[in-house]
>>> print(open('structure15.pdb').read())   # PDB, C-alpha atoms, pLDDT in the B column
ATOM      1  CA  ALA A   1     -75.411  14.587 171.557  1.00 45.00           C
ATOM      2  CA  SER A   2     -71.871  14.663 170.327  1.00 50.00           C
ATOM      3  CA  ALA A   3     -70.555  11.895 168.091  1.00 49.00           C
ATOM      4  CA  ARG A   4     -68.646  10.481 171.041  1.00 58.00           C
ATOM      5  CA  GLY A   5     -71.736  10.765 173.208  1.00 74.00           C
ATOM      6  CA  SER A   6     -73.979   8.934 170.767  1.00 86.00           C
ATOM      7  CA  SER A   7     -71.426   6.175 170.186  1.00 91.00           C
ATOM      8  CA  HIS A   8     -71.046   5.811 173.964  1.00 92.00           C
ATOM      9  CA  ILE A   9     -74.825   5.441 174.332  1.00 94.00           C
ATOM     10  CA  ARG A  10     -74.991   2.881 171.487  1.00 93.00           C
ATOM     11  CA  LEU A  11     -72.258   0.922 173.254  1.00 93.00           C
ATOM     12  CA  LEU A  12     -74.191   1.044 176.520  1.00 94.00           C
ATOM     13  CA  ALA A  13     -77.391   0.012 174.711  1.00 95.00           C
ATOM     14  CA  SER A  14     -75.615  -3.035 173.291  1.00 94.00           C
ATOM     15  CA  ASN A  15     -75.290  -4.279 176.887  1.00 93.00           C
ATOM     16  CA  CYS A  16     -79.092  -4.566 176.971  1.00 95.00           C
ATOM     17  CA  ALA A  17     -79.281  -6.801 173.872  1.00 94.00           C
ATOM     18  CA  ASN A  18     -78.630 -10.098 175.663  1.00 92.00           C
ATOM     19  CA  CYS A  19     -81.967  -9.894 177.463  1.00 94.00           C
ATOM     20  CA  HIS A  20     -83.975  -7.221 175.645  1.00 96.00           C
ATOM     21  CA  GLY A  21     -82.957  -7.915 172.022  1.00 94.00           C
ATOM     22  CA  THR A  22     -80.935  -5.960 169.474  1.00 93.00           C
ATOM     23  CA  ASP A  23     -81.832  -2.258 169.692  1.00 94.00           C
ATOM     24  CA  GLY A  24     -84.393  -3.182 172.354  1.00 96.00           C
ATOM     25  CA  ARG A  25     -86.539  -5.332 170.054  1.00 95.00           C
ATOM     26  CA  SER A  26     -87.311  -8.278 172.321  1.00 94.00           C
ATOM     27  CA  GLN A  27     -87.950 -11.704 170.852  1.00 90.00           C
ATOM     28  CA  GLY A  28     -90.103 -12.589 173.825  1.00 87.00           C
ATOM     29  CA  GLY A  29     -89.425 -13.469 177.425  1.00 88.00           C
ATOM     30  CA  MET A  30     -88.253  -9.971 178.384  1.00 92.00           C
ATOM     31  CA  PRO A  31     -89.972  -6.629 177.842  1.00 93.00           C
ATOM     32  CA  GLY A  32     -88.985  -4.771 174.694  1.00 96.00           C
ATOM     33  CA  LEU A  33     -87.297  -1.395 175.066  1.00 97.00           C
ATOM     34  CA  ALA A  34     -87.660  -0.214 171.457  1.00 97.00           C
ATOM     35  CA  GLY A  35     -90.175   2.609 171.227  1.00 97.00           C
ATOM     36  CA  MET A  36     -90.580   2.903 175.015  1.00 97.00           C
ATOM     37  CA  SER A  37     -91.309   6.472 176.072  1.00 97.00           C
ATOM     38  CA  LYS A  38     -88.367   8.353 177.556  1.00 98.00           C
ATOM     39  CA  PRO A  39     -90.165   9.210 180.824  1.00 98.00           C
ATOM     40  CA  LEU A  40     -91.216   5.579 181.377  1.00 98.00           C
ATOM     41  CA  PHE A  41     -87.718   4.239 180.671  1.00 98.00           C
ATOM     42  CA  VAL A  42     -86.135   6.759 183.048  1.00 98.00           C
ATOM     43  CA  GLN A  43     -88.708   6.038 185.778  1.00 98.00           C
ATOM     44  CA  LEU A  44     -88.227   2.270 185.513  1.00 97.00           C
ATOM     45  CA  MET A  45     -84.440   2.565 185.594  1.00 97.00           C
ATOM     46  CA  GLN A  46     -84.538   4.952 188.562  1.00 97.00           C
ATOM     47  CA  ASP A  47     -86.949   2.621 190.374  1.00 97.00           C
ATOM     48  CA  PHE A  48     -84.583  -0.316 189.789  1.00 97.00           C
ATOM     49  CA  LYS A  49     -81.613   1.800 190.868  1.00 96.00           C
ATOM     50  CA  SER A  50     -83.268   2.935 194.115  1.00 96.00           C
ATOM     51  CA  GLY A  51     -84.583  -0.518 194.960  1.00 95.00           C
ATOM     52  CA  LYS A  52     -88.209   0.601 194.670  1.00 96.00           C
ATOM     53  CA  ARG A  53     -88.642  -1.967 191.881  1.00 95.00           C
ATOM     54  CA  THR A  54     -86.985  -5.361 192.211  1.00 89.00           C
ATOM     55  CA  ALA A  55     -86.017  -7.790 189.474  1.00 90.00           C
ATOM     56  CA  THR A  56     -83.774 -10.745 188.879  1.00 89.00           C
ATOM     57  CA  ILE A  57     -80.831  -8.584 187.798  1.00 93.00           C
ATOM     58  CA  MET A  58     -81.962  -5.078 186.753  1.00 95.00           C
ATOM     59  CA  HIS A  59     -81.803  -3.686 190.275  1.00 93.00           C
ATOM     60  CA  GLN A  60     -78.066  -4.463 190.191  1.00 94.00           C
ATOM     61  CA  LEU A  61     -77.342  -3.470 186.581  1.00 95.00           C
ATOM     62  CA  SER A  62     -79.128  -0.120 186.877  1.00 96.00           C
ATOM     63  CA  LYS A  63     -76.723   0.994 189.608  1.00 95.00           C
ATOM     64  CA  GLY A  64     -73.914   0.988 187.040  1.00 95.00           C
ATOM     65  CA  TYR A  65     -75.486   3.811 185.006  1.00 96.00           C
ATOM     66  CA  THR A  66     -75.312   7.528 185.717  1.00 96.00           C
ATOM     67  CA  ASP A  67     -78.447   9.647 185.440  1.00 96.00           C
ATOM     68  CA  ALA A  68     -77.065  11.140 182.212  1.00 96.00           C
ATOM     69  CA  GLU A  69     -76.485   7.667 180.765  1.00 96.00           C
ATOM     70  CA  ILE A  70     -80.021   6.632 181.715  1.00 97.00           C
ATOM     71  CA  GLU A  71     -81.351   9.751 179.950  1.00 97.00           C
ATOM     72  CA  GLY A  72     -79.230   8.918 176.897  1.00 97.00           C
ATOM     73  CA  LEU A  73     -80.441   5.329 176.855  1.00 97.00           C
ATOM     74  CA  ALA A  74     -84.034   6.533 177.179  1.00 97.00           C
ATOM     75  CA  ALA A  75     -83.574   8.775 174.143  1.00 97.00           C
ATOM     76  CA  TYR A  76     -81.901   5.981 172.187  1.00 97.00           C
ATOM     77  CA  PHE A  77     -84.533   3.320 172.875  1.00 97.00           C
ATOM     78  CA  SER A  78     -87.473   5.699 172.377  1.00 97.00           C
ATOM     79  CA  SER A  79     -86.154   6.427 168.873  1.00 96.00           C
ATOM     80  CA  GLN A  80     -85.977   2.730 167.886  1.00 95.00           C
ATOM     81  CA  LYS A  81     -88.821   1.144 165.903  1.00 90.00           C
ATOM     82  CA  ASN A  82     -90.465  -1.707 167.729  1.00 82.00           C
TER      83      ASN A  82
END
>>> encode(input="structure15.pdb", output="structure tokens")
Amino acid sequence: ASARGSSHIRLLASNCANCHGTDGRSQGGMPGLAGMSKPLFVQLMQDFKSGKRTATIMHQLSKGYTDAEIEGLAAYFSSQKN
């Protein structure tokens, strides 16, 4: 990814911190994203986006991300240590 692309993804990932912890390292209550496999992350996000999987808020939040952003977030979180 380009420098702009990676900074954009880090910015998007920071939106997840309120519920899922800094860099996806949850402190409990919500699932951690750090170290999650890319295919699983993408599948979960696509399931939220399509309505196949419901949640308190993720089914709404996921609609704000493009497929490319979801792929970028998947790569980012899979590279984080849990």
>>> resolve_selection(input="structure15.pdb", expression="the PyMOL selection byres ((chain A and resi 78-80) around 6)", output="list in words")
Ala34, Gly35, Met36, Ser37, Lys38, Ala74, Ala75, Tyr76, Phe77 and Lys81 of chain A
>>> residues_around(input="structure15.pdb", residues="range 64-67 of chain A", least_positions_apart="4", cutoff="10 Å", atoms="only C-alpha atoms", output="PyMOL selection string")
chain A and resi 12+42+45-46+49+59-60+71-73
>>> closest_residue(input="structure15.pdb", among="A:His20, A:Lys63, A:Arg10, A:Arg25", to="Asp47 in chain A", atoms="all atoms listed in the file")
A:Lys63
>>> axis_aligned_box(input="structure15.pdb", around="range 73-82 of chain A", padding_each_side="4 Å", output="lines of an AutoDock Vina configuration file")
center_x = -85.5
center_y = 3.5
center_z = 171.5
size_x = 18.0
size_y = 18.5
size_z = 19.3
>>> closest_residue(input="structure15.pdb", among="A:Thr56, A:Ser50, A:Ser62, A:Gln27", to="Asn15 in chain A", atoms="only C-alpha atoms")
A:Ser62
>>> build_atoms(input="structure15.pdb", residues="range 46-57 of chain A", atoms="all heavy atoms", output="compact mmCIF listing (two decimals), in the coordinates of the input")
# COMPACT_ATOMS: atom_id res chain seq x y z
N GLN A 46 -84.74 4.32 187.25
CA GLN A 46 -84.54 4.95 188.56
C GLN A 46 -85.16 4.10 189.67
O GLN A 46 -84.60 4.00 190.77
CB GLN A 46 -85.09 6.38 188.58
CG GLN A 46 -84.33 7.34 187.68
CD GLN A 46 -82.88 7.54 188.10
OE1 GLN A 46 -82.47 7.23 189.20
NE2 GLN A 46 -82.09 8.09 187.19
N ASP A 47 -86.31 3.49 189.38
CA ASP A 47 -86.95 2.62 190.37
C ASP A 47 -86.10 1.38 190.64
O ASP A 47 -85.99 0.94 191.79
CB ASP A 47 -88.35 2.22 189.92
CG ASP A 47 -89.37 3.35 190.04
OD1 ASP A 47 -89.04 4.42 190.62
OD2 ASP A 47 -90.49 3.18 189.54
N PHE A 48 -85.50 0.81 189.59
CA PHE A 48 -84.58 -0.32 189.79
C PHE A 48 -83.37 0.13 190.61
O PHE A 48 -82.95 -0.54 191.54
CB PHE A 48 -84.09 -0.88 188.45
CG PHE A 48 -85.10 -1.71 187.70
CD1 PHE A 48 -85.35 -1.47 186.36
CD2 PHE A 48 -85.78 -2.76 188.31
CE1 PHE A 48 -86.25 -2.25 185.65
CE2 PHE A 48 -86.68 -3.54 187.62
CZ PHE A 48 -86.92 -3.28 186.28
N LYS A 49 -82.83 1.29 190.23
CA LYS A 49 -81.61 1.80 190.87
C LYS A 49 -81.82 2.07 192.36
O LYS A 49 -80.94 1.78 193.18
CB LYS A 49 -81.18 3.08 190.13
CG LYS A 49 -79.78 3.52 190.38
CD LYS A 49 -79.43 4.69 189.45
CE LYS A 49 -78.04 5.19 189.69
NZ LYS A 49 -77.65 6.23 188.75
N SER A 50 -82.99 2.60 192.71
CA SER A 50 -83.27 2.94 194.12
C SER A 50 -83.71 1.73 194.94
O SER A 50 -83.77 1.80 196.16
CB SER A 50 -84.35 4.02 194.18
OG SER A 50 -85.62 3.46 193.83
N GLY A 51 -84.07 0.65 194.25
CA GLY A 51 -84.58 -0.52 194.96
C GLY A 51 -86.09 -0.52 195.10
O GLY A 51 -86.67 -1.46 195.65
N LYS A 52 -86.75 0.52 194.61
CA LYS A 52 -88.21 0.60 194.67
C LYS A 52 -88.84 -0.52 193.85
O LYS A 52 -89.89 -1.04 194.20
CB LYS A 52 -88.67 1.97 194.15
CG LYS A 52 -90.16 2.19 194.19
CD LYS A 52 -90.51 3.60 193.71
CE LYS A 52 -92.01 3.81 193.71
NZ LYS A 52 -92.35 5.15 193.22
N ARG A 53 -88.18 -0.88 192.75
CA ARG A 53 -88.64 -1.97 191.88
C ARG A 53 -87.56 -3.04 191.88
O ARG A 53 -86.40 -2.75 191.64
CB ARG A 53 -88.88 -1.43 190.47
CG ARG A 53 -89.44 -2.44 189.51
CD ARG A 53 -89.67 -1.76 188.15
NE ARG A 53 -90.21 -2.69 187.21
CZ ARG A 53 -91.48 -2.75 186.84
NH1 ARG A 53 -92.34 -1.88 187.35
NH2 ARG A 53 -91.90 -3.63 185.97
N THR A 54 -87.96 -4.27 192.18
CA THR A 54 -86.98 -5.36 192.21
C THR A 54 -87.11 -6.20 190.95
O THR A 54 -88.13 -6.18 190.27
CB THR A 54 -87.16 -6.25 193.45
OG1 THR A 54 -88.48 -6.80 193.43
CG2 THR A 54 -86.92 -5.47 194.72
N ALA A 55 -86.06 -6.92 190.65
CA ALA A 55 -86.02 -7.79 189.47
C ALA A 55 -84.93 -8.81 189.70
O ALA A 55 -84.20 -8.76 190.69
CB ALA A 55 -85.72 -6.96 188.22
N THR A 56 -84.80 -9.72 188.76
CA THR A 56 -83.77 -10.74 188.88
C THR A 56 -82.39 -10.12 188.87
O THR A 56 -81.54 -10.45 189.68
CB THR A 56 -83.90 -11.76 187.72
OG1 THR A 56 -85.22 -12.29 187.74
CG2 THR A 56 -82.90 -12.88 187.85
N ILE A 57 -82.17 -9.17 187.94
CA ILE A 57 -80.83 -8.58 187.80
C ILE A 57 -80.84 -7.07 187.58
O ILE A 57 -79.87 -6.40 187.88
CB ILE A 57 -80.05 -9.30 186.67
CG1 ILE A 57 -78.57 -8.97 186.77
CG2 ILE A 57 -80.64 -8.98 185.30
CD1 ILE A 57 -77.69 -9.86 185.94
